[in-house]
Amino acid sequence: MFRVLSSIALCCVLLCLVPAAALAQDVFPSSVQFLGPLPVVPTPEDAVFPLGEHQAVPEIIPGKTLPDLSAGYSLVPGSELQWQELQCGPDGKMEFTEEGSYWVAAVLHLATRSEVEFQLEECTAMYCDGQELDSDDEDGFSSSLTLEPGWVTVYARVSGASTLKASVDEGAAAQWCLRRETPLTRFADLAGMTRVGSLAVADGGDVLVRKVTRREPDLSRLDALDSKGRLLAADLGGPGARPVAFLPNTENLLLRRAGDEGTDLMVWSAPAGPMRTLLRGESALGFVKISPDGRHLLFSSTAAYEEDDPTEGNRRYVHLRERVSDFTPVPHLHLMDVQTGARRVLTTPADRVLDDAVFSADGSAVFYGQTLPATDRPWFQSELHRLDLITGQDEILTRFTGGWEVRPHGLAASPDGKSLIFLGPPDEVGGGRPERNVYNKQVWSLDLESGKFQRLTHGLKLAFDVGGGLPRFDKKGRLLVEVAEGSYQRLARLDPGKDWAAEVLPLSGESMGSLAVSPDGMNLLYTASSTSEPVSLYRADTGGKSKHLESYNTEGPGLHLWCEPVDAHFTGPDGDAIDAWFYPPLQHNTGSTPSFGPPSEGKAPLIVYYYAGTSPTMRGFNSTHQFYAAGGYGLLVVNPRGAYGYGDEFADHHAGDWGPKAAADIIAGTHHILDEHSWLDKDGIGIYGGSYGGFMTEYLVTTTDIYAAAVSMYGISDLATYWGQGAWGWTYGDMALAGATPWDDPQYFIDHSPLFHADKINTPLLLLHGADDANVTPGESDQLFTALSILGKTVELVVFPGEGHGISGSWDNRVEHRTMILEWFNSFCREQPEAWTERWE
C-alpha cells in the first residue's frame, strides 16, 4: 500500500460525492465465437459427508484474448471440438443447432470510461479478461463493473440459447467485436508478456542457451537450443540459473545459480549432461572469467574474509567513501581449476574496490583493476595491475584518474601480449582538465611495456560499453565491443590493423538487447526489438547475416496491436541536431478496427518523455510508451543535449548543465511536434521523467507554463540535499556539477534547484517516490511538496513503502505508479478526473 498526500484533497472529496449516471444504453454483439456442445457435467449429489459445497471447474482457461479458431479441444476420446463463429440474432440472441452447454466469447470495445453491466440468460459462469465475475441476479446473470477505455474479452458458459448484452453509460461509445489483437490499454496486461535474455553461444554456434521469463502465468526457464532454434534441453539448473559462458572449443556450459546461502557455480555438458557443481553457496560471487584454454576460472568473492556486521548497533562513519553503497572493499580474486575444483586466493581485501579482471592471452598472468580513495578531486584513483600466476608477483602497470562513476573496466588482453584494452571516460578527470560526461565511455589501450595509455576511439558518434562478455578479441585479432550509436544499441568491431577503425556490424532488428558472443568471437546470439515490435531472438556469424530463431508475444496473453512511432528529430535552439521520435495516439474508430494516428475530429493530448541525463533513451521496444499511446496520447520522446552516443561535444553538455540546455531542447521539441501535427492539443500536454528526468520535470515547470500536467518520478528538487544525502550524490555530482560545491558557488545550487523556484510552478504536479530510495532520497519530493502546498499550488505526493529507486521492486507497484501517471494526465490534459478520484475513495 502506498501513502498519498494532496493539497487538493477537498476537490477530490467533492468529486467523490457526484452520483454515477444511470446505465441507459444497451450494446448487443452481432457475432460471437462458441465452443460446444460440451460433455455433460455430473449432477451434484446431496450428501452428509464430505462437508462443503460443489465448485464448477471450467473446461477451458478463459483468458485475455479470443481463442484461436484453429485449435482443437478433445474432451471426449476420438473427437475434437473447435471454436467457431456464430452470427447472433436481433438483440444479441445466440441460438445453437444442438442442445447442450457451450462456451461463448467476444470482445467489448469501450472508447470512453464507463460503468458496464453484463447480462446474459442461461449463464452458469462469466469471465472478464480472465477474472470470474459474480452475478447480482438470481434468475439470470448480471454483473457490473467500471471499465477504462479499451478492449475486454468476455467468456461465458451458457446452457442453451441465450441473449448477451452490455449496458453502458448514456453517451458512452461501445461495441462488441471479434478482435484477437488489441492495443495495450491496461498496463497490468504486460504481466503476460514473455521476456528473453541471459544468453550463451558455443564456439561453432551449434549450441545456444537462452532464458525465458514471464510473470503470468509464471515462467522462468533456461533452455539449450541447436543452431536452428530447436530444443536440446529444458530448464537447465532450475529457476535461479543463468549462463556465464561456454568453455572454449567445447560445448560445456558454465552456469551460476543464486540461492539463499550464496551462489552455486556449475558446468553442464551439452546436449544431455551431466551437470557438475564447482562451487556451492559461494558468498558474494561476482564476475567470473574463463582462461583462454578453458582450464581455469578467475572470479571475485568474499569467501576469504568475514566482515563485521555493520547493522549491529550504532553505525559509525569515519570516511566519506563508507557512505557510497557500492564501495565494497571485501571482494577479492580467486583462481579455480575447472577439472578438479581446486582453488587459490590471489588477492586480499583492503581499502580499495576490485573493478574487473581478465586473463592474459597465454593464461599465465591476470590483469586486474582496482580503485582507491584519493585526497584530491575526483576523490578516487584507479590502478591497473599484472599478477603473474607463476611467480605470484603483483605489479602496478599504471594509474588512471577517472573518479568513481566510471572506472577502468571491460578489460581485454590483446592476442599479441603487448597491450591491455579497457573502457573508461573520454579523458581523465581533475587537474584542470575540461569537464566531461564521464559516462561517454571510450576505448583505451595500455602499453604493457611502457605503462602508457592512450584513447583509441576519437571523432566517433559512439559510446562504448560492456555486454555479452565484451570487450573481447575474436580469433582474428579484432576487438568486439557493444556501442550506443545515438538511440540505437549496436555491436562494433575495431581492427587494430586499420588503426583501430570502428565498424558497426549489421544486425537484425532496430536495436540490440541482450547479447552473447562465443569464446572465439566468431558467433553471436542476441535479442533485438524495435519501437513497434517486441523482442525476437537471432543468431549470426559475427559480421554475417542473422538468422531469426524465435519471436515472442505473438500468441496468448501478450498478444497486442502495437503503435509504430515516426521519426521526429529537429534542430535545437542552439543549432544541435536533436534525436526524437513520436508515437501517434490510439483512435477508437467507429468500426471495430483500432488505429494509431490523428483523430477524425477534435484534437489529441500529448505526453513528452525524456531522461535528459548522461544517457540516451534507446529505440528498443518500450511498453510504457506503448501504454500511453494506447491511452489516446501522442507521445514524444526527446534525447536532449548531454546524452552520450552523439559525439563528445554533445555528451559533454551534461557536465555542469543541471537544467538549462536540456530544458531548452525539450521545450523546442514540444513546439516542433505541435507545429508538425496541428491536431495535437497545445493545451493538453503532460510531461514526465524519472530520476534525473524527475529533476528535469520539476525544473521545466519552473521555467514554462506550456504544460498542463507534470509527473516527477523519484526526482531531485534541491541539488545541495541530493549532493549530500544521495548514495551517489557527491560522486555523480562531481561530474554533473562540474566540481561546484555549496560553499564555493552557492548561487549555482540555488539557480538550478527547483525547490528555490517553487513559487514559479503553476503546472499541476504529481510526485512519486519510493520510501526506501537511497539514490534520490524521498526528502527530495517531500520538501517540494511542502513548498508547493504552502504556496497553494496543485500538487500531490504518493510514497510507496518498501520501494527503492524506480518504484519497481514489486510488479504491483510498477503497475500502480505507471497507471497513476495516465490518470493524472487524464485529470488535467483531458479534464477527466474520475479514475484518479475513485482510486483514493
# chains A, B, ... in the order shown; residues from 1 in each chain; ligands from 1

$ select_by_dssp --residues "region 706-814 of chain A" --states "helix (DSSP H, G or I)" --output "ChimeraX atom specification"
/A:719-725,729-736,746-752,754-760,779-790,811-814

$ select_by_dssp --residues "region 16-111 of chain A" --states "strand (DSSP E)" --output "VMD selection string"
chain A and resid 23 to 27 31 to 35 72 to 76 79 to 82 84 to 87 93 to 94 102 to 110

$ closest_residue --among "A:Val795, A:Met618, A:Ala166, A:Leu190" --to "Arg818 (chain A)" --atoms "only C-alpha atoms"
A:Leu190

$ residues_around --residues "Gly739 (chain A)" --least-positions-apart "6" --cutoff "12 Å" --atoms "only C-alpha atoms" --output "PyMOL selection string"
chain A and resi 376-379+403+429-436+655-657+723+730-733+745+748-749

$ residues_around --residues "Glu85 (chain A)" --least-positions-apart "3" --cutoff "10 Å" --atoms "only C-alpha atoms" --output "list in words"
Ser31, Val32, Gln33, Phe34, Leu35, Leu69, Gln82, Cys88, Val104, Ala105, Ala106 and Leu178 of chain A

$ write_last_selection --atoms "all heavy atoms" --output "tab-separated table (two decimals), in the first residue's frame"
chain	number	residue	atom	x	y	z
A	31	SER	N	-21.98	-10.95	-33.53
A	31	SER	CA	-21.44	-12.31	-33.66
A	31	SER	C	-20.57	-12.61	-32.45
A	31	SER	O	-20.07	-11.70	-31.78
A	31	SER	CB	-20.63	-12.46	-34.95
A	31	SER	OG	-19.55	-11.55	-34.98
A	32	VAL	N	-20.42	-13.88	-32.16
A	32	VAL	CA	-19.57	-14.35	-31.07
A	32	VAL	C	-18.81	-15.58	-31.56
A	32	VAL	O	-19.10	-16.13	-32.63
A	32	VAL	CB	-20.37	-14.71	-29.81
A	32	VAL	CG1	-21.09	-13.48	-29.25
A	32	VAL	CG2	-21.35	-15.84	-30.10
A	33	GLN	N	-17.85	-16.02	-30.78
A	33	GLN	CA	-17.23	-17.33	-31.01
A	33	GLN	C	-17.81	-18.31	-30.00
A	33	GLN	O	-18.13	-17.93	-28.87
A	33	GLN	CB	-15.71	-17.24	-30.86
A	33	GLN	CG	-15.03	-16.45	-31.97
A	33	GLN	CD	-13.52	-16.41	-31.84
A	33	GLN	OE1	-12.94	-17.06	-30.98
A	33	GLN	NE2	-12.87	-15.65	-32.69
A	34	PHE	N	-17.95	-19.59	-30.42
A	34	PHE	CA	-18.53	-20.56	-29.49
A	34	PHE	C	-17.79	-21.89	-29.60
A	34	PHE	O	-17.18	-22.23	-30.62
A	34	PHE	CB	-20.03	-20.76	-29.77
A	34	PHE	CG	-20.34	-21.58	-31.00
A	34	PHE	CD1	-20.59	-22.95	-30.90
A	34	PHE	CD2	-20.38	-20.99	-32.26
A	34	PHE	CE1	-20.88	-23.71	-32.03
A	34	PHE	CE2	-20.67	-21.74	-33.39
A	34	PHE	CZ	-20.91	-23.11	-33.27
A	35	LEU	N	-17.85	-22.64	-28.51
A	35	LEU	CA	-17.26	-23.97	-28.42
A	35	LEU	C	-18.30	-24.89	-27.80
A	35	LEU	O	-18.79	-24.65	-26.69
A	35	LEU	CB	-16.00	-23.94	-27.55
A	35	LEU	CG	-15.25	-25.27	-27.37
A	35	LEU	CD1	-14.50	-25.62	-28.67
A	35	LEU	CD2	-14.26	-25.20	-26.21
A	69	LEU	N	-9.23	-20.00	-33.59
A	69	LEU	CA	-10.26	-20.83	-34.23
A	69	LEU	C	-9.71	-22.15	-34.75
A	69	LEU	O	-10.48	-23.09	-35.00
A	69	LEU	CB	-10.92	-20.05	-35.37
A	69	LEU	CG	-11.77	-18.85	-34.96
A	69	LEU	CD1	-12.29	-18.13	-36.19
A	69	LEU	CD2	-12.93	-19.28	-34.06
A	82	GLN	N	-13.97	-27.53	-31.91
A	82	GLN	CA	-13.25	-26.34	-32.34
A	82	GLN	C	-14.11	-25.11	-32.15
A	82	GLN	O	-15.33	-25.16	-32.29
A	82	GLN	CB	-12.85	-26.45	-33.82
A	82	GLN	CG	-11.62	-27.32	-34.06
A	82	GLN	CD	-11.13	-27.19	-35.48
A	82	GLN	OE1	-11.90	-27.31	-36.42
A	82	GLN	NE2	-9.83	-26.94	-35.64
A	88	CYS	N	-25.21	-13.70	-34.37
A	88	CYS	CA	-26.27	-13.51	-33.38
A	88	CYS	C	-27.52	-12.94	-34.04
A	88	CYS	O	-27.45	-12.24	-35.06
A	88	CYS	CB	-25.82	-12.57	-32.27
A	88	CYS	SG	-24.38	-13.16	-31.35
A	104	VAL	N	-19.02	-19.32	-24.94
A	104	VAL	CA	-19.07	-18.26	-25.94
A	104	VAL	C	-18.05	-17.20	-25.55
A	104	VAL	O	-17.71	-17.04	-24.37
A	104	VAL	CB	-20.48	-17.64	-26.07
A	104	VAL	CG1	-21.47	-18.67	-26.56
A	104	VAL	CG2	-20.93	-17.04	-24.74
A	105	ALA	N	-17.55	-16.47	-26.54
A	105	ALA	CA	-16.54	-15.45	-26.27
A	105	ALA	C	-16.70	-14.30	-27.26
A	105	ALA	O	-17.03	-14.50	-28.43
A	105	ALA	CB	-15.14	-16.03	-26.38
A	106	ALA	N	-16.45	-13.09	-26.78
A	106	ALA	CA	-16.48	-11.90	-27.62
A	106	ALA	C	-15.71	-10.80	-26.90
A	106	ALA	O	-15.39	-10.91	-25.72
A	106	ALA	CB	-17.91	-11.45	-27.91
A	178	LEU	N	-14.84	-9.04	-32.62
A	178	LEU	CA	-14.09	-10.30	-32.51
A	178	LEU	C	-12.64	-10.05	-32.89
A	178	LEU	O	-12.16	-10.52	-33.92
A	178	LEU	CB	-14.72	-11.39	-33.40
A	178	LEU	CG	-16.13	-11.84	-33.04
A	178	LEU	CD1	-16.61	-12.90	-34.04
A	178	LEU	CD2	-16.18	-12.39	-31.62
